[in-house]
Protein chains: 4
Amino acid sequence: MTRGMKVTVGVMGSAGGELAAEVCAKVFRLGEAIGRTDCILITGACPGLPHEAVKGAKTAGGLTVGISPGHTLQEHVELYQSPTDHLDVLIFTGSGLMGREITAVRSCDIVVVVGGRSGTLGEFAIAYDEGKLIGVLRGTGGIAESVDQIVAFVDKDTGAEVVYDTDPDRLLQRLLDCLPAHKTPSPARAAGA
Amino acid sequence: MTRGMKVTVGVMGSAGGELAAEVCAKVFRLGEAIGRTDCILITGACPGLPHEAVKGAKTAGGLTVGISPGHTLQEHVELYQSPTDHLDVLIFTGSGLMGREITAVRSCDIVVVVGGRSGTLGEFAIAYDEGKLIGVLRGTGGIAESVDQIVAFVDKDTGAEVVYDTDPDRLLQRLLDCLPAHKTPSPARAAGA
Amino acid sequence: MTRGMKVTVGVMGSAGGELAAEVCAKVFRLGEAIGRTDCILITGACPGLPHEAVKGAKTAGGLTVGISPGHTLQEHVELYQSPTDHLDVLIFTGSGLMGREITAVRSCDIVVVVGGRSGTLGEFAIAYDEGKLIGVLRGTGGIAESVDQIVAFVDKDTGAEVVYDTDPDRLLQRLLDCLPAHKTPSPARAAGA
Amino acid sequence: MTRGMKVTVGVMGSAGGELAAEVCAKVFRLGEAIGRTDCILITGACPGLPHEAVKGAKTAGGLTVGISPGHTLQEHVELYQSPTDHLDVLIFTGSGLMGREITAVRSCDIVVVVGGRSGTLGEFAIAYDEGKLIGVLRGTGGIAESVDQIVAFVDKDTGAEVVYDTDPDRLLQRLLDCLPAHKTPSPARAAGA
């Protein structure tokens, strides 16, 4: 199918915990690459690493969309302590941190994992189970360093493809090269959990 | 709270049925006004009247976001027979026609009803119950012509405000004038259905 | 399709506001009828009229299921000030008052409107748009008294059927008589909002 | 908080793939234990291992609830090829395989992982991130055998507790012993993904 729309790239990863300066810089560069190639950046509208990507994408003139867990802007800011700067559009799902991940992942042509803990693991699992094209930015710590082992544990062909790279620009380019041939399966391809 | 973001305006209304040319033109003008005032237009990514607004907004250089019922682009196009043209971003909720309305309404600072039938009635009910600022474009048929009676039936102060006008430009201007003073209540303000 | 399962009946209506004793008694009798006929009662797990039905159904030995707006039991009780007594199962959607309505309505073979304000209007709109078999208990005030006018405003054939009665036992019996012939359409029957 | 309701136990695991007879028997015994101790069994209403638990629970006279990905019973059966037998209540979320997992996990006091692939990984991640009490039935293959390594990768204290056992009866008993002291945190405990 001809999409005729800009490519959407999700950046999913650690929203909190200790974030090393060089990891932040790397994810900022990923965001810049997304903006520069005229892709749309989608995140869970959280702080931390995904927000570094948001800042990078805006620096490069990209469009940024955040899928918020909150019902309202006020909940987004006060309850979830999440940012509004550098985001062009906020979508309020009102379904909480893990609920909003479904919408965020489904809205991405490509999902990139950076660092990450249990929330990111959920996003990876959704993306993998729904057969997405997935990038893993190596050298960002957290579950990004363990995705290959997790894929081995899962042992299921869902149609997902996973691309690993340590360099943000090269990772994005490789993903964009894969995208035209990648087929996301229909949503109910046989249920097997 | 300072939003610091562009105002989001939803246009909700008839996706099908007979759509008179002058009604389509009126909703297109509403979309143009939304684009011209640098608001972001949000719809349910459906065909029909809301898509007229999308085309108007793009004509005026605005940003357009569609909240799709589908899990994927393919479902959006094939199962829901919904458009992709003139939409900058599609958000895939995968929760169906009525499920995606929750996310669409929550993401709007202002919701405008144009024409509409039972789907739009649902969107109006959500917007009203969640205390939104609501516009009704008179002269577009459907439930837009009956909203005042429906509000009387509902007989509940939710914090919602409803502004009626026959002219799309004036309606939007009046809504934008109301917005700074409008307070959307917190999501659980006492449950009373 | 042979269901082979018990019939699920939703009771949707006013969770707050002034509730007259005779209206409460009437809805309690509706709950008793649901329990006595071995149907499963589903509500939004809210206080008010739907909870009267819950108490009636348990009195008659029925099974009761509440679809909660909360993420957790604690949110259910503290944030939404909702009951847990007389409910056999609580389902926690975590998607808020209007979000949980989607799940509640979809889970019902039959939806009965009692009294009600804007939340109930949303539930009615979802049920109507998704082509459900709907009962309206007349004499319970609120939007239950206006549903016929709202149906006229909507002016769309969705496959929904609406049965009106002032007597709770007779209403349920008429709905159960209609159910075998009622066809709920597929979820994407042409999008028209 | 006094719950005053029956304990809900989710069984999440492989819905498809090769399922060894002894693994099926073990999960059936887990279901029997859930039914015998008067807990409510919740699954994703899928076939495979979770349905073995459903059959076991009904054999022991328990109550069984399935959280379906479908909008309707017809979608449940035809699109998702999912069972209706031995299930007392089906809840139709209409939000797809991964979307319905949110509601399923949130509705459980205890989540037990049996076997499992990427869908189950998602359920585990949601349960872990939301701080649930989690059981892992060892000897059922799939990700159940790798949960301890995945927990090490995640490296985040969310309040979740994980109990491992090879024996279904003993696992359930240990989980029920832990439950009174287990505190599920509030839904927005600091966002960190």
# chains A, B, ... in the order shown; residues from 1 in each chain; ligands from 1
>>> interface_residues(of="chain C", to="chain A", cutoff="7 Å", atoms="only C-alpha atoms", output="list of chain:residue names")
C:Gly94, C:Ser95, C:Gly96
>>> write_last_selection(atoms="C-alpha atoms", output="PDB file, in the first residue's frame")
ATOM      1  CA  GLY C  94      -7.987   2.345  33.910  1.00  0.00           C
ATOM      2  CA  SER C  95      -9.448   4.426  31.107  1.00  0.00           C
ATOM      3  CA  GLY C  96     -11.681   6.764  33.052  1.00  0.00           C
TER       4      GLY C  96
END
>>> select_by_dssp(residues="segment 13-164 of chain C", states="strand (DSSP E or B)", output="VMD selection string")
chain C and resid 13 40 to 43 63 to 68 89 to 92 110 to 114 133 to 137 161 to 164
>>> write_last_selection(atoms="C-alpha atoms", output="mmCIF file, in the first residue's frame")
data_model
loop_
_atom_site.group_PDB
_atom_site.id
_atom_site.type_symbol
_atom_site.label_atom_id
_atom_site.label_comp_id
_atom_site.auth_asym_id
_atom_site.auth_seq_id
_atom_site.Cartn_x
_atom_site.Cartn_y
_atom_site.Cartn_z
ATOM 1 C CA GLY C 13 -27.919 5.412 34.331
ATOM 2 C CA ILE C 40 -25.460 -11.564 34.169
ATOM 3 C CA LEU C 41 -25.735 -7.921 35.210
ATOM 4 C CA ILE C 42 -23.062 -5.520 33.977
ATOM 5 C CA THR C 43 -22.721 -1.916 35.142
ATOM 6 C CA LEU C 63 -24.002 -12.673 39.002
ATOM 7 C CA THR C 64 -22.862 -9.024 38.937
ATOM 8 C CA VAL C 65 -19.916 -7.505 37.057
ATOM 9 C CA GLY C 66 -18.713 -3.908 37.342
ATOM 10 C CA ILE C 67 -16.547 -2.257 34.675
ATOM 11 C CA SER C 68 -14.530 0.250 36.686
ATOM 12 C CA VAL C 89 -16.232 -9.127 39.756
ATOM 13 C CA LEU C 90 -14.634 -5.746 39.110
ATOM 14 C CA ILE C 91 -12.863 -5.185 35.799
ATOM 15 C CA PHE C 92 -10.325 -2.342 35.987
ATOM 16 C CA ILE C 110 -28.757 -5.918 26.075
ATOM 17 C CA VAL C 111 -28.258 -2.381 27.414
ATOM 18 C CA VAL C 112 -30.974 -0.846 29.611
ATOM 19 C CA VAL C 113 -31.066 2.915 30.208
ATOM 20 C CA VAL C 114 -32.452 4.114 33.547
ATOM 21 C CA LEU C 133 -30.598 -4.196 21.604
ATOM 22 C CA ILE C 134 -31.519 -1.363 23.990
ATOM 23 C CA GLY C 135 -34.164 -1.099 26.678
ATOM 24 C CA VAL C 136 -35.415 2.141 28.196
ATOM 25 C CA LEU C 137 -37.064 2.002 31.602
ATOM 26 C CA GLU C 161 -33.490 -1.719 18.387
ATOM 27 C CA VAL C 162 -35.000 0.274 21.248
ATOM 28 C CA VAL C 163 -37.727 -1.124 23.513
ATOM 29 C CA TYR C 164 -39.557 1.186 25.936
#
>>> residues_around(residues="segment 54-56 of chain B", least_positions_apart="3", cutoff="7 Å", atoms="only C-alpha atoms", output="ChimeraX atom specification")
/B:28-29,31-32,50-51,59-60,64,86-87
>>> select_by_dssp(residues="segment 12-95 of chain C", states="alpha helix (DSSP H)", output="VMD selection string")
chain C and resid 21 to 36 49 to 59 73 to 74
>>> closest_residue(among="A:Arg36, A:Lys26, A:Arg106, A:Lys6", to="Thr84 of chain B", atoms="only C-alpha atoms")
A:Lys6
>>> atom_distance(atom1="atom CA of Ala45 of chain B", atom2="atom CA of Leu73 of chain D")
26.3 Å
>>> residues_around(residues="Thr140 of chain A", least_positions_apart="6", cutoff="10 Å", atoms="only C-alpha atoms", output="VMD selection string")
chain A and resid 13 to 14 19 to 20 22 to 24 26 to 27 49 113 to 116 166
>>> residues_around(residues="Leu176 of chain D", least_positions_apart="6", cutoff="10 Å", atoms="only C-alpha atoms", output="list of chain:residue names")
D:Val7, D:Val9, D:Thr37, D:Cys39, D:Asp109, D:Ile110, D:Leu133, D:Arg170
